[in-house]
file upload32.cif (mmCIF, C-alpha atoms)
data_run
#
loop_
_atom_site.label_atom_id
_atom_site.label_comp_id
_atom_site.auth_asym_id
_atom_site.auth_seq_id
_atom_site.Cartn_x
_atom_site.Cartn_y
_atom_site.Cartn_z
CA MET A 374 92.31 87.92 114.90
CA THR A 375 88.70 88.62 114.03
CA GLN A 376 86.26 87.76 116.77
CA GLN A 377 83.26 85.83 115.46
CA ARG A 378 80.28 88.17 115.44
CA SER A 379 76.70 87.55 114.46
CA MET A 380 75.68 88.57 110.93
CA THR A 381 72.03 88.69 112.04
CA GLU A 382 72.39 91.25 114.85
CA ASP A 383 73.39 94.89 114.61
CA ASP A 384 77.17 95.36 114.95
CA PRO A 385 78.18 97.95 117.58
CA LEU A 386 81.46 98.56 115.70
CA ASP A 387 83.01 98.89 119.15
CA ASP A 388 86.46 97.75 118.01
CA PHE A 389 86.71 100.66 115.56
CA THR A 390 87.70 104.21 116.51
CA PRO A 391 85.04 106.60 115.17
CA ARG A 392 86.53 109.85 113.89
CA GLN A 393 84.89 112.98 112.51
CA ILE A 394 87.07 113.92 109.55
CA THR A 395 86.65 117.18 107.65
CA LEU A 396 88.11 117.34 104.13
CA ASP A 397 87.39 119.98 101.51
CA GLY A 398 85.01 121.59 104.01
CA ILE A 399 82.88 118.42 104.30
CA GLU A 400 82.71 116.40 107.52
CA LYS A 401 82.05 112.66 107.60
CA LYS A 402 82.35 109.97 110.24
CA VAL A 403 85.11 107.47 109.48
CA TYR A 404 85.65 104.23 111.40
CA VAL A 405 89.35 103.44 111.80
CA MET A 406 91.15 100.32 113.07
CA GLY A 407 94.38 98.41 112.64
CA GLN A 408 98.03 99.09 111.87
CA GLY A 409 99.98 99.24 108.65
CA PRO A 410 99.33 100.91 105.29
CA ALA A 411 95.84 102.30 104.79
CA VAL A 412 92.98 100.61 102.96
CA ILE A 413 89.72 102.50 102.50
CA VAL A 414 86.69 100.22 102.74
CA MET A 415 83.61 101.81 101.16
CA THR A 416 80.31 100.30 102.14
CA GLU A 417 77.71 98.87 99.84
CA MET A 418 74.04 99.78 99.99
CA PRO A 419 72.29 100.22 102.40
CA GLY A 420 75.18 101.00 104.77
CA ILE A 421 77.89 99.60 107.03
CA SER A 422 76.30 96.22 107.74
CA PRO A 423 77.73 93.44 109.92
CA HIS A 424 78.96 91.82 106.68
CA VAL A 425 80.79 94.98 105.59
CA ALA A 426 82.33 95.34 109.05
CA ARG A 427 83.43 91.69 108.91
CA PHE A 428 85.24 92.35 105.64
CA ALA A 429 86.90 95.44 107.17
CA ARG A 430 88.16 93.29 110.05
CA TRP A 431 89.61 90.78 107.59
CA VAL A 432 91.51 93.67 105.99
CA ARG A 433 92.73 94.74 109.43
CA ASP A 434 93.88 91.19 110.22
CA ALA A 435 95.84 91.11 106.95
CA GLY A 436 98.09 93.91 108.21
CA PHE A 437 96.38 97.17 107.26
CA THR A 438 94.82 100.23 108.81
CA VAL A 439 91.17 100.35 107.75
CA TYR A 440 89.40 103.63 107.06
CA MET A 441 85.67 102.93 106.65
CA PRO A 442 83.68 106.10 105.93
CA SER A 443 79.99 106.31 106.78
CA LEU A 444 78.44 107.35 103.48
CA PHE A 445 74.77 106.41 103.98
CA GLY A 446 72.50 104.31 106.15
CA ARG A 447 72.57 103.38 109.82
CA ASP A 448 76.05 102.29 110.86
CA GLY A 449 76.25 98.67 112.00
CA ALA A 450 72.64 97.81 111.12
CA VAL A 451 71.49 94.51 109.67
CA PRO A 452 70.05 95.51 106.26
CA GLY A 453 66.27 95.36 106.57
CA ALA A 454 64.11 95.63 103.47
CA GLU A 455 62.01 98.68 104.32
CA GLU A 456 64.81 100.69 105.92
CA GLY A 457 67.19 99.69 103.15
CA ILE A 458 64.81 100.87 100.44
CA ALA A 459 64.47 104.25 102.20
CA VAL A 460 68.27 104.65 102.36
CA PHE A 461 68.60 103.61 98.73
CA LYS A 462 65.99 106.15 97.58
CA ARG A 463 67.70 108.97 99.48
CA ALA A 464 71.08 108.11 98.00
CA CYS A 465 69.63 107.92 94.48
CA VAL A 466 68.51 111.56 94.59
CA SER A 467 71.63 112.79 96.43
CA ALA A 468 73.84 115.18 94.50
CA GLU A 469 76.83 113.47 96.14
CA PHE A 470 76.31 110.26 94.17
CA ARG A 471 74.57 111.07 90.86
CA ALA A 472 73.28 107.52 90.78
CA PHE A 473 71.76 107.76 87.30
CA ALA A 474 74.43 109.85 85.59
CA ALA A 475 76.35 108.08 82.86
CA ASN A 476 79.83 109.38 82.01
CA GLU A 477 79.89 111.62 85.08
CA SER A 478 81.86 111.12 88.26
CA SER A 479 80.11 111.26 91.62
CA PRO A 480 81.18 114.39 93.56
CA VAL A 481 81.80 112.31 96.70
CA THR A 482 84.86 110.82 94.96
CA GLN A 483 86.72 114.11 95.47
CA TRP A 484 86.25 113.75 99.24
CA LEU A 485 87.32 110.11 99.06
CA ARG A 486 90.50 111.04 97.18
CA ALA A 487 91.27 113.53 99.95
CA LEU A 488 90.68 110.75 102.49
CA ALA A 489 93.18 108.54 100.64
CA ARG A 490 95.71 111.36 100.78
CA LEU A 491 95.14 111.86 104.54
CA ALA A 492 95.26 108.12 105.26
CA HIS A 493 98.56 107.78 103.41
CA ALA A 494 100.02 110.70 105.38
CA GLU A 495 98.89 109.13 108.65
CA CYS A 496 99.87 105.51 107.94
CA GLY A 497 102.86 105.74 105.63
CA GLY A 498 103.89 102.90 103.37
CA PRO A 499 104.05 103.00 99.56
CA GLY A 500 100.44 104.21 99.25
CA THR A 501 96.84 103.27 99.99
CA GLY A 502 94.32 100.75 98.74
CA ALA A 503 90.56 101.03 98.36
CA ILE A 504 87.60 98.78 97.77
CA GLY A 505 84.21 99.98 96.61
CA MET A 506 81.11 97.81 96.59
CA CYS A 507 77.80 98.12 94.75
CA PHE A 508 76.80 101.80 94.97
CA THR A 509 80.44 102.73 95.74
CA GLY A 510 82.02 100.18 93.39
CA ASN A 511 83.11 102.71 90.78
CA PHE A 512 84.59 105.03 93.39
CA ALA A 513 87.77 102.98 93.87
CA LEU A 514 88.63 103.63 90.21
CA SER A 515 87.93 107.37 90.42
CA MET A 516 90.23 107.48 93.45
CA MET A 517 93.15 106.52 91.18
CA LEU A 518 93.34 110.24 90.33
CA GLU A 519 94.96 110.57 93.77
CA PRO A 520 98.67 109.63 93.48
CA ALA A 521 98.65 107.89 96.89
CA MET A 522 96.16 105.31 95.58
CA LEU A 523 97.90 102.14 94.41
CA ALA A 524 95.45 99.25 94.82
CA PRO A 525 91.86 99.76 93.60
CA VAL A 526 89.23 97.01 93.89
CA MET A 527 85.76 97.27 92.37
CA CYS A 528 83.14 94.86 93.67
CA GLN A 529 79.89 94.70 91.69
CA PRO A 530 80.00 98.40 90.59
CA SER A 531 76.31 99.29 90.17
CA LEU A 532 76.24 102.92 88.99
CA PRO A 533 74.70 104.31 86.87
CA MET A 534 71.61 102.44 88.01
CA ASP A 535 69.62 102.33 84.77
CA LYS A 536 72.38 102.03 82.14
CA PRO A 537 74.02 98.58 82.35
CA ASP A 538 76.72 99.34 79.79
CA ALA A 539 77.67 102.77 81.15
CA MET A 540 80.27 103.91 83.68
CA ASN A 541 79.83 106.36 86.54
CA MET A 542 82.92 108.30 85.54
CA ALA A 543 83.71 111.34 83.41
CA PRO A 544 85.52 110.40 80.15
CA GLU A 545 88.47 112.71 80.84
CA GLU A 546 88.93 111.21 84.31
CA LEU A 547 88.74 107.69 82.88
CA ALA A 548 91.41 108.60 80.32
CA SER A 549 93.61 110.04 83.08
CA VAL A 550 93.20 106.89 85.15
CA ARG A 551 94.14 104.65 82.21
CA GLU A 552 97.23 106.78 81.56
CA ARG A 553 98.24 106.45 85.19
CA LEU A 554 97.66 102.69 85.27
CA GLU A 555 99.91 102.33 82.23
CA ARG A 556 102.57 104.73 83.49
CA ASP A 557 102.82 103.21 86.98
CA ASP A 558 102.20 99.60 85.88
CA LEU A 559 99.09 99.24 88.06
CA THR A 560 95.94 97.16 87.73
CA VAL A 561 92.32 97.33 88.85
CA MET A 562 90.71 94.20 90.30
CA ALA A 563 86.99 93.80 89.64
CA TYR A 564 84.45 91.23 90.82
CA ARG A 565 80.85 90.33 90.03
CA PHE A 566 78.51 87.35 89.95
CA GLU A 567 77.54 86.10 86.51
CA GLY A 568 73.81 86.66 87.03
CA ASP A 569 74.00 89.94 88.95
CA LYS A 570 71.03 92.07 87.83
CA HIS A 571 72.63 95.27 89.13
CA CYS A 572 76.13 94.89 87.68
CA ARG A 573 75.76 93.19 84.33
CA ALA A 574 78.33 91.82 81.91
CA GLN A 575 77.97 94.96 79.73
CA ARG A 576 79.51 97.12 82.46
CA PHE A 577 82.58 94.93 82.79
CA ALA A 578 82.87 94.90 79.01
CA ALA A 579 82.82 98.71 78.99
CA PHE A 580 85.53 98.91 81.65
CA SER A 581 87.60 96.33 79.82
CA GLN A 582 87.36 98.33 76.61
CA ALA A 583 88.29 101.55 78.43
CA LEU A 584 91.19 100.15 80.49
CA GLY A 585 92.43 97.19 78.49
CA GLU A 586 94.52 94.59 80.30
CA ARG A 587 94.80 96.92 83.32
CA PHE A 588 91.21 95.89 84.18
CA VAL A 589 91.38 92.41 85.73
CA ALA A 590 87.88 90.94 85.93
CA ARG A 591 86.68 88.01 87.99
CA VAL A 592 83.18 86.65 87.31
CA LEU A 593 81.87 84.15 89.84
CA PRO A 594 79.12 81.60 89.11
CA ASP A 595 75.77 82.31 90.71
CA SER A 596 76.01 78.96 92.48
CA ALA A 597 78.87 80.42 94.55
CA ALA A 598 76.58 82.96 96.24
CA SER A 599 75.17 82.42 99.72
CA THR A 600 71.40 82.13 99.91
CA ASP A 601 71.38 82.99 103.62
CA THR A 602 71.23 86.78 103.36
CA PRO A 603 69.66 89.70 105.25
CA PRO A 604 66.15 90.83 104.18
CA PHE A 605 67.37 93.71 101.99
CA PHE A 606 69.43 91.33 99.87
CA ALA A 607 66.83 88.57 99.77
CA GLN A 608 63.87 90.82 98.94
CA VAL A 609 65.28 93.93 97.24
CA VAL A 610 68.60 92.97 95.61
CA ALA A 611 67.11 89.59 94.68
CA SER A 612 70.11 88.25 92.74
CA PRO A 613 73.67 87.15 93.51
CA HIS A 614 75.47 90.46 94.08
CA SER A 615 77.74 91.07 97.07
CA VAL A 616 80.89 89.04 96.43
CA VAL A 617 82.78 89.67 99.68
CA THR A 618 79.94 90.58 102.05
CA ALA A 619 76.31 89.38 102.11
CA HIS A 620 76.72 86.69 99.45
CA LEU A 621 80.11 85.41 100.65
CA ILE A 622 80.16 81.86 102.00
CA ASP A 623 82.72 81.75 104.81
CA GLU A 624 83.87 78.17 104.23
CA ALA A 625 87.13 76.75 102.89
CA GLY A 626 87.03 76.01 99.17
CA GLN A 627 84.28 78.51 98.40
CA PRO A 628 84.84 80.81 95.38
CA THR A 629 83.76 83.88 97.34
CA LEU A 630 86.33 83.15 100.06
CA ALA A 631 88.96 82.71 97.34
CA ALA A 632 87.96 86.13 95.96
CA ARG A 633 88.40 87.65 99.41
CA ASP A 634 91.85 86.09 99.73
CA GLU A 635 92.82 87.32 96.27
CA ILE A 636 91.80 90.87 97.22
CA LEU A 637 93.81 90.73 100.46
CA GLY A 638 96.77 89.40 98.50
CA PHE A 639 96.42 92.22 95.98
CA PHE A 640 96.55 94.79 98.79
CA ALA A 641 99.58 93.02 100.26
CA ARG A 642 101.54 93.00 96.99
CA ARG A 643 100.92 96.69 96.39
CA LEU A 644 101.15 98.06 99.92
CA LEU A 645 103.26 95.85 102.17
CA PRO A 646 106.98 96.40 101.51
CA ASP A 647 107.94 92.94 102.76
CA SER A 648 105.40 91.16 100.57
CA ASN A 649 106.99 89.45 97.57
CA LYS A 650 104.07 87.41 96.34
CA GLY A 651 104.43 88.25 92.68
#

call {"tool": "encode", "arguments": {"input": "upload32.cif", "output": "structure tokens"}}
result
Amino acid sequence: MTQQRSMTEDDPLDDFTPRQITLDGIEKKVYVMGQGPAVIVMTEMPGISPHVARFARWVRDAGFTVYMPSLFGRDGAVPGAEEGIAVFKRACVSAEFRAFAANESSPVTQWLRALARLAHAECGGPGTGAIGMCFTGNFALSMMLEPAMLAPVMCQPSLPMDKPDAMNMAPEELASVRERLERDDLTVMAYRFEGDKHCRAQRFAAFSQALGERFVARVLPDSAASTDTPPFFAQVVASPHSVVTAHLIDEAGQPTLAARDEILGFFARRLLPDSNKG
């Protein structure tokens, strides 16, 4: 089971196996751990923090192989305000992410779909799952264009940055994803806090209109968010935001812990052959 680690000290990620994986001619470091079907854990801004790593370990403990790609930031670092802002600014101008582009898909999603395909080939099972958070929140939906992807989770999807009612996805890809969700009887789980300034109600409304009942939204009250957060979240994010990481309260009965358990159950129903939980 998960060893208790400090959320206020850099995480050495020493229980993961770091791999350099080249797909479509692009190499990225991916942290891998666990056994069972694959789940791709995509970090929030500003990088793979101790909170993100903790969530990845929970996924591992639930019976999955975690693939956690390093997409930006300093791996394992506690999110400081100044360093986090620098990472955020670099990502915003990166052609990989197209952070301000409405109705366009981020190019990095092609690499992530290839990672899902590789992970499925390596781990077997019915398919793979994925969770995107914040900057990567939309990516789990774009990854549904890969047939191996069966269980997408979007946590506080924050792109495009300056258009609260827009989606970071090309219309033809969105249409293809909806067609696949209908054809294969799949759903997308999505989470946000009610007062999140970076993922507003308009975005969930847009996804709901685009995907219909296949988009299953969960909106948590702001009172459910932890107030004991790293500097980047306290000073820069400055609103309830990260449902299963920095703003999660790791105590029984907490809505954020219930959201985590629902996500793990969703992965289990879709990916574990022996799971008959409905």

call {"tool": "resolve_selection", "arguments": {"input": "upload32.cif", "expression": "the PyMOL selection byres ((chain A and resi 627) around 12)", "output": "number ranges by chain"}}
result
A: 593-594, 596-599, 616-617, 620-626, 628-634

call {"tool": "closest_atom_pairs", "arguments": {"input": "upload32.cif", "of": "stretch 489-573 of chain A", "to": "stretch 424-430 of chain A", "cutoff": "12 Å", "atoms": "only C-alpha atoms", "output": "tab-separated table"}}
result
residue	atom	partner	partner_atom	distance
A:Ala503	CA	A:Ala429	CA	11.1
A:Ile504	CA	A:Ala429	CA	10.0
A:Gly505	CA	A:Val425	CA	10.8
A:Met506	CA	A:Val425	CA	9.4
A:Cys507	CA	A:Val425	CA	11.7

call {"tool": "residues_around", "arguments": {"input": "upload32.cif", "residues": "A:Gly409", "least_positions_apart": "2", "cutoff": "6 Å", "atoms": "only C-alpha atoms", "output": "VMD selection string"}}
result
chain A and resid 436 to 438

call {"tool": "resolve_selection", "arguments": {"input": "upload32.cif", "expression": "the PyMOL selection byres ((chain A and resi 520) around 10)", "output": "NGL selection string"}}
result
:A and (486 or 489-490 or 500-501 or 516-519 or 521-523 or 553)

call {"tool": "residues_around", "arguments": {"input": "upload32.cif", "residues": "stretch 559-565 of chain A", "least_positions_apart": "6", "cutoff": "10 Å", "atoms": "only C-alpha atoms", "output": "number ranges by chain"}}
result
A: 504-507, 510-511, 513-514, 517, 523-530, 551, 553, 571-574, 577, 580, 584-595, 613-617, 629, 632, 635-636, 639, 643

call {"tool": "residues_around", "arguments": {"input": "upload32.cif", "residues": "stretch 452-463 of chain A", "least_positions_apart": "2", "cutoff": "7 Å", "atoms": "all atoms listed in the file", "output": "PyMOL selection string"}}
result
chain A and resi 418-419+422+445-446+450+465-467+603-605+608-609

call {"tool": "residues_around", "arguments": {"input": "upload32.cif", "residues": "A:Gly449", "least_positions_apart": "2", "cutoff": "9 Å", "atoms": "all atoms listed in the file", "output": "PDB file with C-alpha atoms, keeping the file's coordinate frame"}}
result
ATOM      1  CA  GLU A 382      72.390  91.250 114.850  1.00  0.00           C
ATOM      2  CA  ASP A 383      73.390  94.890 114.610  1.00  0.00           C
ATOM      3  CA  ASP A 384      77.170  95.360 114.950  1.00  0.00           C
ATOM      4  CA  PRO A 385      78.180  97.950 117.580  1.00  0.00           C
ATOM      5  CA  LEU A 386      81.460  98.560 115.700  1.00  0.00           C
ATOM      6  CA  GLY A 420      75.180 101.000 104.770  1.00  0.00           C
ATOM      7  CA  ILE A 421      77.890  99.600 107.030  1.00  0.00           C
ATOM      8  CA  SER A 422      76.300  96.220 107.740  1.00  0.00           C
ATOM      9  CA  PRO A 423      77.730  93.440 109.920  1.00  0.00           C
ATOM     10  CA  VAL A 425      80.790  94.980 105.590  1.00  0.00           C
ATOM     11  CA  ALA A 426      82.330  95.340 109.050  1.00  0.00           C
ATOM     12  CA  GLY A 446      72.500 104.310 106.150  1.00  0.00           C
ATOM     13  CA  ARG A 447      72.570 103.380 109.820  1.00  0.00           C
ATOM     14  CA  VAL A 451      71.490  94.510 109.670  1.00  0.00           C
TER      15      VAL A 451
END

call {"tool": "atom_distance", "arguments": {"input": "upload32.cif", "atom1": "atom CA of A:Asp434", "atom2": "atom CA of A:Ala494"}}
result
21.0 Å

call {"tool": "resolve_selection", "arguments": {"input": "upload32.cif", "expression": "the PyMOL selection byres ((chain A and resi 469-479) around 9)", "output": "list in words"}}
result
Ala464, Cys465, Val466, Ser467, Ala468, Pro480, Val481, Thr482, Gln483, Phe508, Thr509, Asn511, Phe512, Ser515, Ser531, Leu532, Pro533, Met534, Asp535, Lys536, Ala539, Met540, Asn541, Met542, Ala543, Pro544 and Glu546 of chain A

call {"tool": "atom_distance", "arguments": {"input": "upload32.cif", "atom1": "atom CA of A:Pro537", "atom2": "atom CA of A:Leu444"}}
result
23.3 Å

call {"tool": "atom_distance", "arguments": {"input": "upload32.cif", "atom1": "atom CA of A:Met406", "atom2": "atom CA of A:Val439"}}
result
5.3 Å

call {"tool": "closest_residue", "arguments": {"input": "upload32.cif", "among": "A:Thr395, A:Thr381, A:Gln582, A:Ser549", "to": "A:Trp484", "atoms": "all atoms listed in the file"}}
result
A:Thr395

call {"tool": "decode", "arguments": {"input": "upload32.cif", "residues": "stretch 441-470 of chain A", "atoms": "N, CA, C and O atoms", "output": "PDB file, in the first residue's frame"}}
result
ATOM      1  N   MET A 441       2.929   7.822 -15.961  1.00  0.00           N
ATOM      2  CA  MET A 441       2.826   9.239 -15.621  1.00  0.00           C
ATOM      3  C   MET A 441       3.874  10.026 -16.405  1.00  0.00           C
ATOM      4  O   MET A 441       5.039  10.098 -16.018  1.00  0.00           O
ATOM      5  N   PRO A 442       3.489  10.604 -17.549  1.00  0.00           N
ATOM      6  CA  PRO A 442       4.458  11.315 -18.376  1.00  0.00           C
ATOM      7  C   PRO A 442       4.854  12.658 -17.774  1.00  0.00           C
ATOM      8  O   PRO A 442       4.022  13.364 -17.180  1.00  0.00           O
ATOM      9  N   SER A 443       6.116  13.012 -17.914  1.00  0.00           N
ATOM     10  CA  SER A 443       6.604  14.328 -17.521  1.00  0.00           C
ATOM     11  C   SER A 443       6.352  15.283 -18.679  1.00  0.00           C
ATOM     12  O   SER A 443       6.985  15.181 -19.724  1.00  0.00           O
ATOM     13  N   LEU A 444       5.415  16.190 -18.501  1.00  0.00           N
ATOM     14  CA  LEU A 444       5.001  17.084 -19.584  1.00  0.00           C
ATOM     15  C   LEU A 444       5.516  18.495 -19.412  1.00  0.00           C
ATOM     16  O   LEU A 444       5.659  19.240 -20.383  1.00  0.00           O
ATOM     17  N   PHE A 445       5.761  18.911 -18.161  1.00  0.00           N
ATOM     18  CA  PHE A 445       6.316  20.232 -17.875  1.00  0.00           C
ATOM     19  C   PHE A 445       6.724  20.260 -16.410  1.00  0.00           C
ATOM     20  O   PHE A 445       6.336  19.407 -15.621  1.00  0.00           O
ATOM     21  N   GLY A 446       7.537  21.248 -16.058  1.00  0.00           N
ATOM     22  CA  GLY A 446       7.919  21.445 -14.671  1.00  0.00           C
ATOM     23  C   GLY A 446       9.047  20.544 -14.203  1.00  0.00           C
ATOM     24  O   GLY A 446       9.626  19.781 -14.966  1.00  0.00           O
ATOM     25  N   ARG A 447       9.335  20.649 -12.909  1.00  0.00           N
ATOM     26  CA  ARG A 447      10.404  19.881 -12.276  1.00  0.00           C
ATOM     27  C   ARG A 447       9.780  18.707 -11.553  1.00  0.00           C
ATOM     28  O   ARG A 447       8.998  18.881 -10.606  1.00  0.00           O
ATOM     29  N   ASP A 448      10.110  17.508 -11.992  1.00  0.00           N
ATOM     30  CA  ASP A 448       9.457  16.296 -11.499  1.00  0.00           C
ATOM     31  C   ASP A 448       9.675  16.122  -9.996  1.00  0.00           C
ATOM     32  O   ASP A 448      10.807  16.145  -9.514  1.00  0.00           O
ATOM     33  N   GLY A 449       8.556  15.949  -9.269  1.00  0.00           N
ATOM     34  CA  GLY A 449       8.606  15.695  -7.841  1.00  0.00           C
ATOM     35  C   GLY A 449       8.610  16.945  -6.971  1.00  0.00           C
ATOM     36  O   GLY A 449       8.548  16.848  -5.750  1.00  0.00           O
ATOM     37  N   ALA A 450       8.657  18.123  -7.576  1.00  0.00           N
ATOM     38  CA  ALA A 450       8.825  19.360  -6.808  1.00  0.00           C
ATOM     39  C   ALA A 450       7.529  19.814  -6.152  1.00  0.00           C
ATOM     40  O   ALA A 450       6.444  19.713  -6.743  1.00  0.00           O
ATOM     41  N   VAL A 451       7.648  20.338  -4.938  1.00  0.00           N
ATOM     42  CA  VAL A 451       6.535  21.049  -4.309  1.00  0.00           C
ATOM     43  C   VAL A 451       6.297  22.326  -5.122  1.00  0.00           C
ATOM     44  O   VAL A 451       7.242  23.053  -5.431  1.00  0.00           O
ATOM     45  N   PRO A 452       5.050  22.605  -5.518  1.00  0.00           N
ATOM     46  CA  PRO A 452       4.789  23.745  -6.398  1.00  0.00           C
ATOM     47  C   PRO A 452       4.975  25.099  -5.710  1.00  0.00           C
ATOM     48  O   PRO A 452       4.109  25.565  -4.975  1.00  0.00           O
ATOM     49  N   GLY A 453       6.133  25.712  -5.943  1.00  0.00           N
ATOM     50  CA  GLY A 453       6.371  27.061  -5.452  1.00  0.00           C
ATOM     51  C   GLY A 453       5.736  28.087  -6.368  1.00  0.00           C
ATOM     52  O   GLY A 453       5.460  27.805  -7.540  1.00  0.00           O
ATOM     53  N   ALA A 454       5.493  29.277  -5.850  1.00  0.00           N
ATOM     54  CA  ALA A 454       4.791  30.304  -6.631  1.00  0.00           C
ATOM     55  C   ALA A 454       5.637  30.805  -7.797  1.00  0.00           C
ATOM     56  O   ALA A 454       5.203  30.797  -8.956  1.00  0.00           O
ATOM     57  N   GLU A 455       6.840  31.240  -7.526  1.00  0.00           N
ATOM     58  CA  GLU A 455       7.675  31.836  -8.582  1.00  0.00           C
ATOM     59  C   GLU A 455       8.045  30.818  -9.649  1.00  0.00           C
ATOM     60  O   GLU A 455       7.902  31.066 -10.853  1.00  0.00           O
ATOM     61  N   GLU A 456       8.511  29.648  -9.220  1.00  0.00           N
ATOM     62  CA  GLU A 456       8.873  28.597 -10.175  1.00  0.00           C
ATOM     63  C   GLU A 456       7.647  28.129 -10.953  1.00  0.00           C
ATOM     64  O   GLU A 456       7.709  27.914 -12.168  1.00  0.00           O
ATOM     65  N   GLY A 457       6.522  28.009 -10.261  1.00  0.00           N
ATOM     66  CA  GLY A 457       5.299  27.574 -10.920  1.00  0.00           C
ATOM     67  C   GLY A 457       4.844  28.546 -11.992  1.00  0.00           C
ATOM     68  O   GLY A 457       4.397  28.132 -13.071  1.00  0.00           O
ATOM     69  N   ILE A 458       4.935  29.836 -11.709  1.00  0.00           N
ATOM     70  CA  ILE A 458       4.552  30.841 -12.700  1.00  0.00           C
ATOM     71  C   ILE A 458       5.437  30.739 -13.931  1.00  0.00           C
ATOM     72  O   ILE A 458       4.961  30.839 -15.078  1.00  0.00           O
ATOM     73  N   ALA A 459       6.743  30.514 -13.734  1.00  0.00           N
ATOM     74  CA  ALA A 459       7.665  30.381 -14.864  1.00  0.00           C
ATOM     75  C   ALA A 459       7.308  29.172 -15.727  1.00  0.00           C
ATOM     76  O   ALA A 459       7.306  29.254 -16.965  1.00  0.00           O
ATOM     77  N   VAL A 460       6.988  28.054 -15.095  1.00  0.00           N
ATOM     78  CA  VAL A 460       6.591  26.846 -15.837  1.00  0.00           C
ATOM     79  C   VAL A 460       5.303  27.112 -16.610  1.00  0.00           C
ATOM     80  O   VAL A 460       5.159  26.759 -17.786  1.00  0.00           O
ATOM     81  N   PHE A 461       4.357  27.744 -15.932  1.00  0.00           N
ATOM     82  CA  PHE A 461       3.065  28.052 -16.545  1.00  0.00           C
ATOM     83  C   PHE A 461       3.243  28.936 -17.784  1.00  0.00           C
ATOM     84  O   PHE A 461       2.651  28.678 -18.840  1.00  0.00           O
ATOM     85  N   LYS A 462       4.066  29.951 -17.672  1.00  0.00           N
ATOM     86  CA  LYS A 462       4.285  30.864 -18.807  1.00  0.00           C
ATOM     87  C   LYS A 462       4.919  30.137 -19.985  1.00  0.00           C
ATOM     88  O   LYS A 462       4.552  30.368 -21.145  1.00  0.00           O
ATOM     89  N   ARG A 463       5.873  29.258 -19.703  1.00  0.00           N
ATOM     90  CA  ARG A 463       6.502  28.495 -20.793  1.00  0.00           C
ATOM     91  C   ARG A 463       5.487  27.590 -21.484  1.00  0.00           C
ATOM     92  O   ARG A 463       5.464  27.479 -22.713  1.00  0.00           O
ATOM     93  N   ALA A 464       4.657  26.934 -20.701  1.00  0.00           N
ATOM     94  CA  ALA A 464       3.661  26.031 -21.281  1.00  0.00           C
ATOM     95  C   ALA A 464       2.635  26.801 -22.116  1.00  0.00           C
ATOM     96  O   ALA A 464       2.168  26.317 -23.153  1.00  0.00           O
ATOM     97  N   CYS A 465       2.297  28.005 -21.665  1.00  0.00           N
ATOM     98  CA  CYS A 465       1.278  28.796 -22.367  1.00  0.00           C
ATOM     99  C   CYS A 465       1.707  29.178 -23.780  1.00  0.00           C
ATOM    100  O   CYS A 465       0.860  29.341 -24.660  1.00  0.00           O
ATOM    101  N   VAL A 466       3.010  29.336 -24.000  1.00  0.00           N
ATOM    102  CA  VAL A 466       3.484  29.719 -25.336  1.00  0.00           C
ATOM    103  C   VAL A 466       3.985  28.510 -26.125  1.00  0.00           C
ATOM    104  O   VAL A 466       4.419  28.646 -27.266  1.00  0.00           O
ATOM    105  N   SER A 467       3.900  27.322 -25.525  1.00  0.00           N
ATOM    106  CA  SER A 467       4.383  26.113 -26.196  1.00  0.00           C
ATOM    107  C   SER A 467       3.410  25.672 -27.291  1.00  0.00           C
ATOM    108  O   SER A 467       2.198  25.617 -27.084  1.00  0.00           O
ATOM    109  N   ALA A 468       3.967  25.350 -28.444  1.00  0.00           N
ATOM    110  CA  ALA A 468       3.139  24.853 -29.547  1.00  0.00           C
ATOM    111  C   ALA A 468       2.517  23.505 -29.215  1.00  0.00           C
ATOM    112  O   ALA A 468       1.521  23.105 -29.826  1.00  0.00           O
ATOM    113  N   GLU A 469       3.093  22.783 -28.252  1.00  0.00           N
ATOM    114  CA  GLU A 469       2.556  21.475 -27.863  1.00  0.00           C
ATOM    115  C   GLU A 469       1.163  21.584 -27.252  1.00  0.00           C
ATOM    116  O   GLU A 469       0.360  20.665 -27.357  1.00  0.00           O
ATOM    117  N   PHE A 470       0.892  22.704 -26.593  1.00  0.00           N
ATOM    118  CA  PHE A 470      -0.330  22.800 -25.785  1.00  0.00           C
ATOM    119  C   PHE A 470      -1.388  23.738 -26.358  1.00  0.00           C
ATOM    120  O   PHE A 470      -2.572  23.553 -26.114  1.00  0.00           O
TER     121      PHE A 470
END
